[in-house]
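*Asks:* Provided herewith is a single structure, encoded as structure tokens, for subsequent inquiry.
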Amino acid sequence: MWLVFYAVLTNLLYAKSALDKDLQQKVKEDVDSFFDPNVDYSLFSGRATDRDETASVLKVYSENKNTRFFKSGDQVLFQVHRSGTPWCQGFVRKVDGDYFILFIKDIFSCWKEKFFRRGTRLNFKAEVLAKRVKEASSFRLLLMKKKRDYFKQLNEINHFIWNYDQKKIQVAAEYDKKILNIQRQKSFALDELLEKKKDQVNIQRELMFRLSNLDEDLKFYRVRNSETTFDRWQKDHDLGLPVGNVPQENKKL
């Protein structure tokens, strides 16, 4: 019973720990991205700083740093601050730091004058900017993950470099140990080979002695043919000369 209760309690604590870890990771990602889902990033303000002669091209300064996410051709709606006038329609031509350049399609549809004066405060609305900010936030999370991976790799490399001398000693000691074992094996193998040589020399001497005895035995036990066709005396030539007695008598000189 206690074992079952302990197992259930352990599983609950493990699940809670995993949930807390996921929550901490989510909070960390939200803090890293600096993205607030409660903020409408499509709305921002700016001021007109310059224009061309036709008043169809307007240069705008904005303290909103998210304007750097604009791209050429993005649609932007804007109106004069607290004027209550309709929204004007413009298209982004270029982004230059804190400035961006707008092309105004028809200024008379939203403003009674022919141009906006320098310094005029404008309220902007760009749904595409809110989309770009959200995409940038997600992309920043990926960059943060990549940065953590790079830091991890760099930490491992630094750890290896800092511990290089110690690691070198350890590797050298391991190979010295292997070399010592190999030298012992070599010495043992050479001693074993020398002992084998001694045994072979003794065996060689014994075999040579036995071969010599065998040669003598083979020579002794060789069977020879005793029958001859002609007697050796029959081959002598008879010259008809007298043959003296044997032994001969002594002659006096």
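In the structure tokens, chains take the letters A, B, ... in the order shown, each chain's residues start at 1, and ligands count up from 1 in the order shown.
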Compile the contact shell of stretch 65-81 of chain A as a PDB file with N, CA and C atoms, in the first residue's frame: residues with an atom at most 9 Å away, counting only C-alpha atoms, same-chain residues fewer than 5 positions apart removed.

*Replies:*
```
ATOM      1  N   TYR A  41       0.375  46.652 -32.186  1.00  0.00           N
ATOM      2  CA  TYR A  41       1.575  47.172 -32.830  1.00  0.00           C
ATOM      3  C   TYR A  41       1.276  47.806 -34.194  1.00  0.00           C
ATOM      4  N   SER A  45       2.748  56.647 -33.986  1.00  0.00           N
ATOM      5  CA  SER A  45       2.684  58.053 -34.384  1.00  0.00           C
ATOM      6  C   SER A  45       3.997  58.483 -35.010  1.00  0.00           C
ATOM      7  N   PRO A  86     -10.668  61.749 -42.307  1.00  0.00           N
ATOM      8  CA  PRO A  86     -10.588  60.349 -42.748  1.00  0.00           C
ATOM      9  C   PRO A  86      -9.125  59.883 -42.843  1.00  0.00           C
ATOM     10  N   TRP A  87      -8.996  58.583 -42.888  1.00  0.00           N
ATOM     11  CA  TRP A  87      -7.649  58.005 -42.992  1.00  0.00           C
ATOM     12  C   TRP A  87      -7.122  58.189 -44.405  1.00  0.00           C
ATOM     13  N   CYS A  88      -5.892  58.672 -44.508  1.00  0.00           N
ATOM     14  CA  CYS A  88      -5.221  58.758 -45.799  1.00  0.00           C
ATOM     15  C   CYS A  88      -4.533  57.425 -46.095  1.00  0.00           C
ATOM     16  N   GLN A  89      -4.364  57.150 -47.363  1.00  0.00           N
ATOM     17  CA  GLN A  89      -3.723  55.910 -47.789  1.00  0.00           C
ATOM     18  C   GLN A  89      -2.360  56.211 -48.390  1.00  0.00           C
ATOM     19  N   GLY A  90      -1.360  55.514 -47.919  1.00  0.00           N
ATOM     20  CA  GLY A  90      -0.015  55.708 -48.437  1.00  0.00           C
ATOM     21  C   GLY A  90       0.695  54.374 -48.587  1.00  0.00           C
ATOM     22  N   PHE A  91       1.799  54.402 -49.320  1.00  0.00           N
ATOM     23  CA  PHE A  91       2.595  53.202 -49.560  1.00  0.00           C
ATOM     24  C   PHE A  91       4.063  53.513 -49.250  1.00  0.00           C
ATOM     25  N   VAL A  92       4.678  52.598 -48.538  1.00  0.00           N
ATOM     26  CA  VAL A  92       6.073  52.791 -48.146  1.00  0.00           C
ATOM     27  C   VAL A  92       6.979  52.627 -49.357  1.00  0.00           C
ATOM     28  N   ARG A  93       7.858  53.615 -49.506  1.00  0.00           N
ATOM     29  CA  ARG A  93       8.837  53.527 -50.578  1.00  0.00           C
ATOM     30  C   ARG A  93      10.215  53.091 -50.086  1.00  0.00           C
ATOM     31  N   LYS A  94      10.583  53.603 -48.910  1.00  0.00           N
ATOM     32  CA  LYS A  94      11.929  53.347 -48.417  1.00  0.00           C
ATOM     33  C   LYS A  94      11.958  53.570 -46.919  1.00  0.00           C
ATOM     34  N   VAL A  95      12.847  52.852 -46.235  1.00  0.00           N
ATOM     35  CA  VAL A  95      13.066  53.018 -44.802  1.00  0.00           C
ATOM     36  C   VAL A  95      14.521  53.398 -44.600  1.00  0.00           C
ATOM     37  N   ASP A  96      14.732  54.472 -43.827  1.00  0.00           N
ATOM     38  CA  ASP A  96      16.081  54.959 -43.574  1.00  0.00           C
ATOM     39  C   ASP A  96      16.208  55.288 -42.091  1.00  0.00           C
ATOM     40  N   GLY A  97      16.638  54.271 -41.301  1.00  0.00           N
ATOM     41  CA  GLY A  97      16.799  54.484 -39.867  1.00  0.00           C
ATOM     42  C   GLY A  97      15.462  54.773 -39.206  1.00  0.00           C
ATOM     43  N   ASP A  98      15.368  55.943 -38.532  1.00  0.00           N
ATOM     44  CA  ASP A  98      14.125  56.351 -37.870  1.00  0.00           C
ATOM     45  C   ASP A  98      13.151  57.006 -38.833  1.00  0.00           C
ATOM     46  N   TYR A  99      13.497  57.110 -40.085  1.00  0.00           N
ATOM     47  CA  TYR A  99      12.655  57.758 -41.093  1.00  0.00           C
ATOM     48  C   TYR A  99      12.148  56.716 -42.082  1.00  0.00           C
ATOM     49  N   PHE A 100      10.977  56.999 -42.632  1.00  0.00           N
ATOM     50  CA  PHE A 100      10.490  56.214 -43.757  1.00  0.00           C
ATOM     51  C   PHE A 100       9.748  57.150 -44.700  1.00  0.00           C
ATOM     52  N   LEU A 102       6.884  57.867 -47.576  1.00  0.00           N
ATOM     53  CA  LEU A 102       5.559  57.432 -47.998  1.00  0.00           C
ATOM     54  C   LEU A 102       5.186  58.069 -49.322  1.00  0.00           C
ATOM     55  N   CYS A 110      -8.427  62.908 -47.956  1.00  0.00           N
ATOM     56  CA  CYS A 110      -8.382  62.830 -46.496  1.00  0.00           C
ATOM     57  C   CYS A 110      -7.916  64.124 -45.839  1.00  0.00           C
ATOM     58  N   TRP A 111      -7.465  65.068 -46.643  1.00  0.00           N
ATOM     59  CA  TRP A 111      -6.949  66.314 -46.063  1.00  0.00           C
ATOM     60  C   TRP A 111      -7.357  67.478 -46.946  1.00  0.00           C
ATOM     61  N   PHE A 116       1.035  68.388 -46.148  1.00  0.00           N
ATOM     62  CA  PHE A 116       1.185  68.398 -44.706  1.00  0.00           C
ATOM     63  C   PHE A 116       2.373  69.291 -44.351  1.00  0.00           C
ATOM     64  N   THR A 120       4.062  68.308 -38.616  1.00  0.00           N
ATOM     65  CA  THR A 120       2.694  67.869 -38.350  1.00  0.00           C
ATOM     66  C   THR A 120       2.716  66.460 -37.766  1.00  0.00           C
ATOM     67  N   ARG A 121       2.008  66.290 -36.652  1.00  0.00           N
ATOM     68  CA  ARG A 121       1.953  64.986 -36.018  1.00  0.00           C
ATOM     69  C   ARG A 121       0.899  64.132 -36.693  1.00  0.00           C
ATOM     70  N   LEU A 122       1.284  62.922 -37.040  1.00  0.00           N
ATOM     71  CA  LEU A 122       0.398  62.019 -37.756  1.00  0.00           C
ATOM     72  C   LEU A 122       0.238  60.726 -36.965  1.00  0.00           C
ATOM     73  N   ASN A 123      -0.967  60.197 -37.001  1.00  0.00           N
ATOM     74  CA  ASN A 123      -1.251  58.885 -36.430  1.00  0.00           C
ATOM     75  C   ASN A 123      -1.297  57.854 -37.557  1.00  0.00           C
ATOM     76  N   PHE A 124      -0.598  56.762 -37.357  1.00  0.00           N
ATOM     77  CA  PHE A 124      -0.483  55.747 -38.401  1.00  0.00           C
ATOM     78  C   PHE A 124      -1.140  54.454 -37.955  1.00  0.00           C
ATOM     79  N   LYS A 125      -1.607  53.719 -38.967  1.00  0.00           N
ATOM     80  CA  LYS A 125      -2.186  52.398 -38.749  1.00  0.00           C
ATOM     81  C   LYS A 125      -1.715  51.487 -39.883  1.00  0.00           C
ATOM     82  N   ALA A 126      -1.034  50.428 -39.505  1.00  0.00           N
ATOM     83  CA  ALA A 126      -0.494  49.506 -40.515  1.00  0.00           C
ATOM     84  C   ALA A 126      -0.611  48.087 -39.983  1.00  0.00           C
ATOM     85  N   GLU A 127      -1.577  47.350 -40.528  1.00  0.00           N
ATOM     86  CA  GLU A 127      -1.753  45.961 -40.100  1.00  0.00           C
ATOM     87  C   GLU A 127      -0.545  45.106 -40.468  1.00  0.00           C
ATOM     88  N   VAL A 128       0.094  45.452 -41.570  1.00  0.00           N
ATOM     89  CA  VAL A 128       1.251  44.690 -42.004  1.00  0.00           C
ATOM     90  C   VAL A 128       2.398  44.832 -41.000  1.00  0.00           C
ATOM     91  N   LEU A 129       2.472  46.002 -40.321  1.00  0.00           N
ATOM     92  CA  LEU A 129       3.523  46.204 -39.335  1.00  0.00           C
ATOM     93  C   LEU A 129       3.304  45.297 -38.121  1.00  0.00           C
ATOM     94  N   ARG A 132       4.430  41.945 -39.099  1.00  0.00           N
ATOM     95  CA  ARG A 132       5.894  41.859 -39.159  1.00  0.00           C
ATOM     96  C   ARG A 132       6.504  41.819 -37.756  1.00  0.00           C
ATOM     97  N   VAL A 133       5.925  42.573 -36.823  1.00  0.00           N
ATOM     98  CA  VAL A 133       6.439  42.564 -35.451  1.00  0.00           C
ATOM     99  C   VAL A 133       6.280  41.180 -34.834  1.00  0.00           C
ATOM    100  N   ALA A 136       8.775  38.951 -36.414  1.00  0.00           N
ATOM    101  CA  ALA A 136      10.106  39.274 -35.900  1.00  0.00           C
ATOM    102  C   ALA A 136      10.299  38.716 -34.501  1.00  0.00           C
TER     103      ALA A 136
END
```

*Asks:* Using DSSP on the backbone, list every residue of stretch 49-230 of chain A that comes out as strand (DSSP E), and give them as a PyMOL selection string.

*Replies:* chain A and resi 49-51+57-61+75-80+88-96+99-104+121-125

*Asks:* Taking N, CA, C and O atoms for each residue, export the selection above as a compact mmCIF listing (two decimals), in the first residue's frame.

*Replies:*
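Output file result.txt is given in full below:
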```txt
# COMPACT_ATOMS: atom_id res chain seq x y z
N THR A 49 8.47 65.42 -41.80
CA THR A 49 9.72 66.20 -41.76
C THR A 49 10.08 66.80 -43.11
O THR A 49 10.79 67.81 -43.16
N ASP A 50 9.60 66.22 -44.19
CA ASP A 50 9.96 66.75 -45.51
C ASP A 50 8.96 66.21 -46.52
O ASP A 50 8.25 65.23 -46.27
N ARG A 51 8.92 66.86 -47.70
CA ARG A 51 8.02 66.43 -48.77
C ARG A 51 8.59 66.91 -50.09
O ARG A 51 9.48 67.77 -50.13
N VAL A 57 4.91 62.73 -52.02
CA VAL A 57 5.94 61.94 -51.34
C VAL A 57 6.26 62.65 -50.02
O VAL A 57 6.60 63.83 -50.01
N LEU A 58 6.13 61.92 -48.94
CA LEU A 58 6.28 62.49 -47.60
C LEU A 58 7.31 61.69 -46.82
O LEU A 58 7.27 60.46 -46.80
N LYS A 59 8.22 62.45 -46.16
CA LYS A 59 9.22 61.81 -45.30
C LYS A 59 8.76 61.95 -43.86
O LYS A 59 8.43 63.05 -43.40
N VAL A 60 8.73 60.86 -43.13
CA VAL A 60 8.16 60.82 -41.79
C VAL A 60 9.22 60.32 -40.81
O VAL A 60 9.94 59.36 -41.09
N TYR A 61 9.28 61.00 -39.65
CA TYR A 61 10.13 60.56 -38.55
C TYR A 61 9.23 59.95 -37.48
O TYR A 61 8.20 60.51 -37.12
N GLN A 75 1.31 48.93 -47.39
CA GLN A 75 0.24 49.92 -47.29
C GLN A 75 0.14 50.45 -45.86
O GLN A 75 0.20 49.70 -44.89
N VAL A 76 -0.02 51.78 -45.75
CA VAL A 76 -0.11 52.45 -44.45
C VAL A 76 -1.27 53.44 -44.49
O VAL A 76 -1.43 54.19 -45.46
N LEU A 77 -2.08 53.43 -43.43
CA LEU A 77 -3.14 54.41 -43.26
C LEU A 77 -2.70 55.43 -42.21
O LEU A 77 -2.09 55.06 -41.20
N PHE A 78 -3.02 56.71 -42.43
CA PHE A 78 -2.60 57.74 -41.48
C PHE A 78 -3.59 58.90 -41.52
O PHE A 78 -4.34 59.10 -42.49
N GLN A 79 -3.57 59.70 -40.45
CA GLN A 79 -4.40 60.90 -40.34
C GLN A 79 -3.71 61.88 -39.40
O GLN A 79 -2.89 61.48 -38.58
N VAL A 80 -4.08 63.15 -39.51
CA VAL A 80 -3.52 64.16 -38.62
C VAL A 80 -4.05 63.93 -37.21
O VAL A 80 -5.22 63.62 -37.00
N CYS A 88 -5.89 58.67 -44.51
CA CYS A 88 -5.22 58.76 -45.80
C CYS A 88 -4.53 57.42 -46.10
O CYS A 88 -4.14 56.69 -45.19
N GLN A 89 -4.36 57.15 -47.36
CA GLN A 89 -3.72 55.91 -47.79
C GLN A 89 -2.36 56.21 -48.39
O GLN A 89 -2.23 57.10 -49.24
N GLY A 90 -1.36 55.51 -47.92
CA GLY A 90 -0.02 55.71 -48.44
C GLY A 90 0.70 54.37 -48.59
O GLY A 90 0.26 53.34 -48.06
N PHE A 91 1.80 54.40 -49.32
CA PHE A 91 2.59 53.20 -49.56
C PHE A 91 4.06 53.51 -49.25
O PHE A 91 4.58 54.55 -49.65
N VAL A 92 4.68 52.60 -48.54
CA VAL A 92 6.07 52.79 -48.15
C VAL A 92 6.98 52.63 -49.36
O VAL A 92 6.84 51.68 -50.13
N ARG A 93 7.86 53.61 -49.51
CA ARG A 93 8.84 53.53 -50.58
C ARG A 93 10.21 53.09 -50.09
O ARG A 93 10.90 52.31 -50.73
N LYS A 94 10.58 53.60 -48.91
CA LYS A 94 11.93 53.35 -48.42
C LYS A 94 11.96 53.57 -46.92
O LYS A 94 11.21 54.38 -46.38
N VAL A 95 12.85 52.85 -46.23
CA VAL A 95 13.07 53.02 -44.80
C VAL A 95 14.52 53.40 -44.60
O VAL A 95 15.43 52.74 -45.12
N ASP A 96 14.73 54.47 -43.83
CA ASP A 96 16.08 54.96 -43.57
C ASP A 96 16.21 55.29 -42.09
O ASP A 96 15.92 56.40 -41.66
N TYR A 99 13.50 57.11 -40.09
CA TYR A 99 12.65 57.76 -41.09
C TYR A 99 12.15 56.72 -42.08
O TYR A 99 12.80 55.71 -42.34
N PHE A 100 10.98 57.00 -42.63
CA PHE A 100 10.49 56.21 -43.76
C PHE A 100 9.75 57.15 -44.70
O PHE A 100 9.19 58.18 -44.29
N ILE A 101 9.77 56.81 -45.95
CA ILE A 101 9.21 57.66 -47.01
C ILE A 101 7.92 57.04 -47.50
O ILE A 101 7.86 55.86 -47.81
N LEU A 102 6.88 57.87 -47.58
CA LEU A 102 5.56 57.43 -48.00
C LEU A 102 5.19 58.07 -49.32
O LEU A 102 5.50 59.25 -49.58
N PHE A 103 4.50 57.30 -50.13
CA PHE A 103 3.86 57.83 -51.33
C PHE A 103 2.37 57.94 -51.05
O PHE A 103 1.71 56.94 -50.74
N ILE A 104 1.85 59.17 -51.11
CA ILE A 104 0.43 59.41 -50.82
C ILE A 104 -0.36 59.32 -52.12
O ILE A 104 -0.09 60.05 -53.08
N ARG A 121 2.01 66.29 -36.65
CA ARG A 121 1.95 64.99 -36.02
C ARG A 121 0.90 64.13 -36.69
O ARG A 121 -0.24 64.58 -36.89
N LEU A 122 1.28 62.92 -37.04
CA LEU A 122 0.40 62.02 -37.76
C LEU A 122 0.24 60.73 -36.96
O LEU A 122 1.18 60.24 -36.33
N ASN A 123 -0.97 60.20 -37.00
CA ASN A 123 -1.25 58.89 -36.43
C ASN A 123 -1.30 57.85 -37.56
O ASN A 123 -1.99 58.07 -38.56
N PHE A 124 -0.60 56.76 -37.36
CA PHE A 124 -0.48 55.75 -38.40
C PHE A 124 -1.14 54.45 -37.96
O PHE A 124 -1.20 54.12 -36.77
N LYS A 125 -1.61 53.72 -38.97
CA LYS A 125 -2.19 52.40 -38.75
C LYS A 125 -1.71 51.49 -39.88
O LYS A 125 -2.00 51.76 -41.06
```

*Asks:* Using only C-alpha atoms, which of the listed residues (A:Asp106, A:Lys196, A:Lys131, A:Asn213) sits closest to A:Ser42?

*Replies:* A:Lys131
